[in-house]
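Structure file my_file.tsv (TSV, C-alpha atoms) follows.
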```
chain	number	residue	atom	x	y	z
A	1	MET	CA	8.92	16.92	-8.48
A	2	ASP	CA	12.36	15.78	-7.35
A	3	ILE	CA	13.43	12.18	-8.07
A	4	ILE	CA	16.54	10.91	-6.31
A	5	LYS	CA	18.09	7.70	-7.61
A	6	VAL	CA	20.39	5.62	-5.42
A	7	ASP	CA	22.14	2.33	-6.01
A	8	ALA	CA	21.97	0.48	-2.68
A	9	ILE	CA	20.32	1.71	0.50
A	10	ASP	CA	19.00	0.21	3.73
A	11	SER	CA	15.46	1.59	3.43
A	12	THR	CA	14.06	4.26	1.11
A	13	ASN	CA	11.56	5.29	3.82
A	14	THR	CA	14.33	5.83	6.38
A	15	PHE	CA	16.46	7.72	3.84
A	16	LEU	CA	13.58	10.01	2.87
A	17	ARG	CA	12.55	10.61	6.48
A	18	GLU	CA	16.08	11.71	7.43
A	19	LEU	CA	16.31	13.90	4.32
A	20	ASN	CA	13.03	15.59	5.20
A	21	ARG	CA	14.29	16.31	8.71
A	22	GLN	CA	17.24	18.13	7.18
A	23	LYS	CA	15.47	19.98	4.37
A	24	GLN	CA	11.74	20.21	5.26
A	25	PHE	CA	10.27	19.32	1.85
A	26	ASP	CA	7.69	21.71	0.39
A	27	GLY	CA	6.61	19.46	-2.50
A	28	THR	CA	6.65	15.91	-3.80
A	29	VAL	CA	10.01	14.14	-3.46
A	30	CYS	CA	10.76	10.57	-4.54
A	31	VAL	CA	13.73	8.34	-3.81
A	32	MET	CA	14.18	5.23	-5.95
A	33	ALA	CA	16.66	2.49	-5.08
A	34	ARG	CA	18.11	-0.19	-7.32
A	35	GLU	CA	18.55	-2.31	-4.20
A	36	GLN	CA	17.10	-2.10	-0.69
A	37	LEU	CA	19.21	-3.85	1.92
A	38	ALA	CA	16.60	-3.65	4.68
A	39	GLY	CA	13.30	-2.81	3.03
A	40	LYS	CA	10.44	-2.69	5.51
A	41	GLY	CA	6.91	-4.04	5.24
A	42	GLN	CA	3.85	-3.90	7.47
A	43	MET	CA	4.27	-4.95	11.12
A	44	GLY	CA	8.06	-5.12	10.89
A	45	THR	CA	8.24	-7.62	8.03
A	46	VAL	CA	11.05	-7.52	5.47
A	47	TRP	CA	10.35	-6.74	1.81
A	48	GLN	CA	12.12	-9.26	-0.44
A	49	SER	CA	13.42	-7.85	-3.72
A	50	LYS	CA	16.26	-8.81	-6.08
A	51	PRO	CA	18.55	-5.90	-7.10
A	52	GLY	CA	17.48	-4.09	-10.25
A	53	LYS	CA	14.42	-6.28	-10.81
A	54	ASN	CA	11.70	-4.32	-9.05
A	55	LEU	CA	10.49	-0.84	-8.23
A	56	THR	CA	11.49	0.07	-4.67
A	57	CYS	CA	10.78	3.68	-3.86
A	58	SER	CA	9.48	6.08	-1.26
A	59	VAL	CA	7.54	9.23	-1.99
A	60	PHE	CA	7.01	12.25	0.23
A	61	MET	CA	3.58	13.77	-0.35
A	62	ILE	CA	2.27	17.00	1.16
A	63	VAL	CA	-0.88	16.42	3.23
A	64	GLU	CA	-3.18	19.31	4.11
A	65	GLY	CA	-6.54	19.56	5.82
A	66	ILE	CA	-6.64	15.98	7.11
A	67	GLU	CA	-7.07	15.28	10.82
A	68	LEU	CA	-5.00	12.59	12.51
A	69	VAL	CA	-8.14	10.48	13.01
A	70	GLU	CA	-8.62	10.56	9.22
A	71	GLN	CA	-5.12	9.34	8.38
A	72	PHE	CA	-6.32	6.04	6.89
A	73	PHE	CA	-7.56	8.03	3.89
A	74	ILE	CA	-3.89	8.48	2.98
A	75	SER	CA	-3.67	4.69	2.74
A	76	ILE	CA	-6.89	4.61	0.71
A	77	ALA	CA	-5.60	7.22	-1.77
A	78	THR	CA	-2.27	5.41	-2.09
A	79	SER	CA	-3.86	1.99	-2.66
A	80	LEU	CA	-6.17	3.43	-5.32
A	81	ALA	CA	-3.25	5.24	-7.01
A	82	VAL	CA	-1.28	1.97	-7.27
A	83	CYS	CA	-4.34	0.22	-8.73
A	84	ASP	CA	-4.76	3.10	-11.20
A	85	ALA	CA	-1.14	2.73	-12.30
A	86	LEU	CA	-1.36	-1.04	-12.66
A	87	LYS	CA	-4.55	-0.73	-14.72
A	88	ASP	CA	-2.70	1.63	-17.07
A	89	LEU	CA	-0.02	-1.06	-17.38
A	90	MET	CA	-2.73	-3.56	-18.42
A	91	VAL	CA	-2.74	-5.57	-15.18
A	92	THR	CA	-6.15	-7.12	-14.52
A	93	LYS	CA	-8.04	-8.79	-11.65
A	94	LEU	CA	-6.76	-6.22	-9.15
A	95	SER	CA	-7.79	-6.19	-5.52
A	96	ILE	CA	-6.65	-4.67	-2.22
A	97	LYS	CA	-5.86	-7.08	0.60
A	98	TRP	CA	-6.60	-5.03	3.71
A	99	PRO	CA	-5.07	-2.73	4.60
A	100	ASN	CA	-2.95	-2.03	1.50
A	101	ASP	CA	-1.39	-5.03	-0.22
A	102	ILE	CA	-2.19	-4.96	-3.93
A	103	LEU	CA	-3.05	-8.28	-5.56
A	104	SER	CA	-3.65	-9.46	-9.08
A	105	ASP	CA	-5.67	-12.68	-9.15
A	106	ARG	CA	-4.54	-13.56	-5.58
A	107	GLN	CA	-0.85	-12.86	-6.30
A	108	LYS	CA	0.72	-10.09	-4.22
A	109	ILE	CA	2.47	-7.67	-6.53
A	110	CYS	CA	2.77	-4.57	-4.37
A	111	GLY	CA	3.33	-3.71	-0.73
A	112	ILE	CA	2.87	-0.28	0.83
A	113	LEU	CA	4.26	1.18	4.06
A	114	ILE	CA	3.13	4.65	5.10
A	115	GLU	CA	4.79	6.79	7.77
A	116	ASN	CA	2.91	9.98	8.52
A	117	VAL	CA	4.75	13.24	9.18
A	118	VAL	CA	3.19	15.15	12.07
A	119	LYS	CA	4.07	18.66	13.25
A	120	ASN	CA	2.48	20.35	16.27
A	121	GLY	CA	-0.20	17.67	16.36
A	122	SER	CA	-1.17	18.12	12.69
A	123	LEU	CA	-0.54	15.97	9.65
A	124	ILE	CA	1.70	17.80	7.20
A	125	GLY	CA	2.91	14.98	4.98
A	126	ALA	CA	3.30	11.28	4.38
A	127	ILE	CA	6.32	9.17	3.49
A	128	ILE	CA	4.96	6.38	1.32
A	129	GLY	CA	7.12	3.34	0.73
A	130	ILE	CA	6.02	1.33	-2.31
A	131	GLY	CA	7.47	-1.92	-3.55
A	132	ILE	CA	6.16	-3.25	-6.86
A	133	ASN	CA	7.40	-6.59	-8.13
A	134	VAL	CA	8.21	-5.82	-11.75
A	135	ASN	CA	10.65	-8.20	-13.47
A	136	GLN	CA	11.42	-10.73	-10.73
A	137	LEU	CA	10.17	-14.26	-11.42
A	138	GLU	CA	11.27	-16.28	-8.39
A	139	PHE	CA	10.52	-15.51	-4.74
A	140	ASP	CA	11.96	-17.60	-1.90
A	141	ASN	CA	9.28	-19.18	0.29
A	142	LEU	CA	6.63	-16.69	-0.84
A	143	PRO	CA	4.08	-18.78	-2.76
A	144	GLN	CA	1.62	-15.88	-3.04
A	145	ALA	CA	4.13	-13.43	-4.57
A	146	GLY	CA	3.66	-12.38	-8.18
A	147	SER	CA	5.17	-9.79	-10.50
A	148	LEU	CA	4.22	-7.76	-13.55
A	149	LYS	CA	6.45	-9.96	-15.70
A	150	LYS	CA	4.76	-13.13	-14.42
A	151	ILE	CA	1.36	-11.63	-15.22
A	152	LEU	CA	2.10	-9.85	-18.49
A	153	GLY	CA	4.79	-12.18	-19.83
A	154	LYS	CA	7.28	-9.42	-20.64
A	155	ASN	CA	9.93	-7.19	-19.09
A	156	LEU	CA	8.87	-3.68	-18.15
A	157	ASP	CA	10.94	-0.53	-17.84
A	158	ILE	CA	11.07	0.16	-14.09
A	159	GLU	CA	11.41	3.91	-14.52
A	160	GLU	CA	8.35	3.94	-16.75
A	161	VAL	CA	6.41	2.13	-14.02
A	162	LEU	CA	7.63	4.77	-11.54
A	163	HIS	CA	6.49	7.69	-13.69
A	164	VAL	CA	3.02	6.19	-14.18
A	165	LEU	CA	2.80	5.59	-10.42
A	166	LEU	CA	3.88	9.13	-9.49
A	167	SER	CA	1.32	10.62	-11.85
A	168	LYS	CA	-1.47	8.53	-10.29
A	169	LEU	CA	-0.31	9.37	-6.76
A	170	GLU	CA	-0.46	13.10	-7.43
A	171	ASN	CA	-3.92	12.69	-8.97
A	172	ARG	CA	-5.31	10.71	-6.04
A	173	PHE	CA	-3.78	13.03	-3.44
A	174	SER	CA	-5.41	15.98	-5.19
A	175	GLN	CA	-8.72	14.25	-4.36
A	176	LEU	CA	-7.86	13.97	-0.64
A	177	VAL	CA	-10.38	16.45	0.69
A	178	VAL	CA	-13.11	15.72	3.22
A	179	SER	CA	-15.90	16.16	0.66
A	180	ASN	CA	-14.44	13.24	-1.36
A	181	PHE	CA	-13.87	10.85	1.55
A	182	SER	CA	-17.08	8.85	1.13
A	183	VAL	CA	-16.44	8.38	-2.61
A	184	LEU	CA	-12.82	7.29	-2.06
A	185	LYS	CA	-13.87	4.90	0.73
A	186	LYS	CA	-16.56	3.33	-1.45
A	187	GLU	CA	-14.11	2.81	-4.31
A	188	TYR	CA	-11.55	1.27	-1.92
A	189	GLU	CA	-14.19	-1.06	-0.46
A	190	SER	CA	-15.25	-2.18	-3.93
A	191	LEU	CA	-11.71	-3.49	-4.47
A	192	LEU	CA	-11.34	-5.28	-1.11
A	193	PHE	CA	-9.99	-8.81	-1.47
A	194	ARG	CA	-12.55	-11.43	-0.38
A	195	LYS	CA	-15.24	-8.86	0.39
A	196	ASN	CA	-18.59	-10.57	1.04
A	197	LYS	CA	-16.99	-14.02	0.98
A	198	PRO	CA	-16.49	-16.36	3.97
A	199	SER	CA	-12.82	-15.97	4.90
A	200	THR	CA	-10.47	-17.28	7.56
A	201	PHE	CA	-8.69	-14.90	9.93
A	202	LEU	CA	-5.90	-15.50	12.42
A	203	ARG	CA	-6.04	-13.72	15.77
A	204	ALA	CA	-2.85	-12.09	17.03
A	205	GLU	CA	-3.13	-13.96	20.31
A	206	GLY	CA	-3.66	-17.26	18.50
A	207	GLY	CA	-6.56	-19.17	17.06
A	208	SER	CA	-8.60	-18.60	13.94
A	209	PHE	CA	-12.17	-17.74	13.03
A	210	VAL	CA	-14.35	-17.44	9.94
A	211	GLY	CA	-16.02	-14.17	9.02
A	212	ILE	CA	-17.21	-12.11	6.07
A	213	ILE	CA	-15.62	-8.75	5.21
A	214	ARG	CA	-18.30	-6.10	4.87
A	215	SER	CA	-16.55	-2.72	4.90
A	216	ILE	CA	-14.02	-0.55	6.72
A	217	THR	CA	-14.47	2.22	9.26
A	218	ASN	CA	-13.21	5.74	8.58
A	219	GLU	CA	-10.29	4.88	10.86
A	220	GLY	CA	-9.36	1.92	8.65
A	221	LYS	CA	-10.60	-0.89	10.87
A	222	LEU	CA	-11.93	-3.94	9.05
A	223	GLN	CA	-15.62	-4.64	9.68
A	224	VAL	CA	-16.27	-8.37	9.70
A	225	LEU	CA	-19.60	-10.18	9.97
A	226	LEU	CA	-19.19	-13.04	12.43
A	227	GLU	CA	-21.20	-16.23	12.82
A	228	ASP	CA	-23.52	-14.66	15.40
A	229	GLU	CA	-24.60	-12.03	12.81
A	230	ILE	CA	-22.72	-9.30	14.67
A	231	ILE	CA	-20.40	-6.97	12.76
A	232	THR	CA	-17.13	-6.48	14.66
A	233	SER	CA	-14.33	-4.02	13.87
A	234	PHE	CA	-10.70	-5.16	13.96
A	235	ASP	CA	-7.47	-3.24	13.55
A	236	LEU	CA	-4.28	-4.44	11.89
A	237	LYS	CA	-2.67	-5.57	15.13
A	238	GLU	CA	-5.59	-7.83	16.04
A	239	ILE	CA	-6.13	-10.09	13.03
A	240	ARG	CA	-4.60	-11.30	9.78
A	241	LEU	CA	-6.61	-12.35	6.75
A	242	LEU	CA	-5.46	-15.61	5.20
A	243	TYR	CA	-5.39	-16.14	1.45
```

What is this file in structure tokens?
Amino acid sequence: MDIIKVDAIDSTNTFLRELNRQKQFDGTVCVMAREQLAGKGQMGTVWQSKPGKNLTCSVFMIVEGIELVEQFFISIATSLAVCDALKDLMVTKLSIKWPNDILSDRQKICGILIENVVKNGSLIGAIIGIGINVNQLEFDNLPQAGSLKKILGKNLDIEEVLHVLLSKLENRFSQLVVSNFSVLKKEYESLLFRKNKPSTFLRAEGGSFVGIIRSITNEGKLQVLLEDEIITSFDLKEIRLLY
């Protein structure tokens, strides 16, 4: 595995994507930045991170034998790998806020952004951006943000966190075969934040509604039980789950 360390960079995902275009990776490659100047989150949001305080990295993983319609299983494997790593670091009360924010006791400690690499209509890899709040204690206007230091009460070695994470990623991606999909999906669903609890959702076009998270589809849509006892599937662009 190649690990590239950089000081300051706009986005580790963008850097790794351009590098892959030039070199065509044939194995796992990771780029780790001390500072991201324009880190990206889901739906075009910006990832807030103080220089040298957190783990900001992107990892290229080979993907084989997965159809484009099954691409959400990459997100499932990644989310489970992050949870595996955090468990090893003694973080408790972990959950996954759909689709792939990682929480500890309602505090967001990790964000994930996945960009799939497609060639001739087939998935050949994934560029996985992961931001884990490690030693940062203060977050501007982000009341739900937490960090490993806030939870564990001590500084952690960021490179140690990275090595634990990479080990768990490789393990989970080795499980990414069709015969394991139902098991991975069940494990992911067991960790879903606010599963089986009445929750408030915001619609993209405005307005809110109350529903109960039941499961996800194989395509990654959230299945929500509404007041009329009908289960409806929503994708990421349609709704947002409130804390």

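Across the structure, CA of Asp26 in chain A and CA of Gln71 in chain A are spaced 19.5 Å apart.
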
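Close contacts of range 60-69 of chain A, defined as residues with an atom at most 6 Å away when counting all atoms listed in the file, with chain neighbours fewer than 5 positions off set aside, comprise A:Thr28, A:Val29, A:Ile124, A:Gly125, A:Ala126, A:Ile127.
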
request  = Find the residues around range 188-202 of chain A up to 10 Å (all atoms listed in the file counted), leave out those fewer than 6 positions away in its own chain, and share them as a ChimeraX atom specification.
outcome  = /A:73,75-77,79-80,83,93-106,182,208-216,224-226,238-243

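Closest approach to Arg34 in chain A among A:Leu113, A:Leu142, A:Met1, A:Ile9 is made by A:Ile9 (distances from only C-alpha atoms).
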
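Distance check against Ile130 in chain A using only C-alpha atoms: of A:Thr12, A:Leu184, A:Glu70, A:Lys23, the minimum falls on A:Thr12.
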
key: Shortest interatomic distance to Glu219 in chain A - which of A:Phe72, A:Glu160, A:Gln136, A:Gly207, counting only C-alpha atoms   = A:Phe72

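When all atoms listed in the file are used to compute distances to Lys53 in chain A, the closest of the residues A:Ala81, A:Ile109, A:Val118, A:Val134 turns out to be A:Val134.
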
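CA of Ser58 in chain A to CA of Val31 in chain A spans 5.4 Å [interatomic distance, one decimal].
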
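The coordinates place CA of Gln107 in chain A at 12.9 Å from CA of Leu152 in chain A.
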
task = Please tell me which residues are no farther than 8 Å from (11.3, -1.3, -11.9) in the file, counting all atoms listed in the file, and write them as number ranges by chain.
result = A: 52-56, 132-135, 156-162

Generate the output file for the selected residues, C-alpha atoms, as a PDB file, in the frame of the given file.
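Dumped everything to result-v1.pdb:
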```
ATOM      1  CA  GLY A  52      17.480  -4.090 -10.250  1.00  0.00           C
ATOM      2  CA  LYS A  53      14.420  -6.280 -10.810  1.00  0.00           C
ATOM      3  CA  ASN A  54      11.700  -4.320  -9.050  1.00  0.00           C
ATOM      4  CA  LEU A  55      10.490  -0.840  -8.230  1.00  0.00           C
ATOM      5  CA  THR A  56      11.490   0.070  -4.670  1.00  0.00           C
ATOM      6  CA  ILE A 132       6.160  -3.250  -6.860  1.00  0.00           C
ATOM      7  CA  ASN A 133       7.400  -6.590  -8.130  1.00  0.00           C
ATOM      8  CA  VAL A 134       8.210  -5.820 -11.750  1.00  0.00           C
ATOM      9  CA  ASN A 135      10.650  -8.200 -13.470  1.00  0.00           C
ATOM     10  CA  LEU A 156       8.870  -3.680 -18.150  1.00  0.00           C
ATOM     11  CA  ASP A 157      10.940  -0.530 -17.840  1.00  0.00           C
ATOM     12  CA  ILE A 158      11.070   0.160 -14.090  1.00  0.00           C
ATOM     13  CA  GLU A 159      11.410   3.910 -14.520  1.00  0.00           C
ATOM     14  CA  GLU A 160       8.350   3.940 -16.750  1.00  0.00           C
ATOM     15  CA  VAL A 161       6.410   2.130 -14.020  1.00  0.00           C
ATOM     16  CA  LEU A 162       7.630   4.770 -11.540  1.00  0.00           C
TER      17      LEU A 162
END
```

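Comparing A:Leu166, A:Lys5, A:Leu86, A:Leu37 by their smallest distance to Leu148 in chain A, the closest is A:Leu86 (using all atoms listed in the file).
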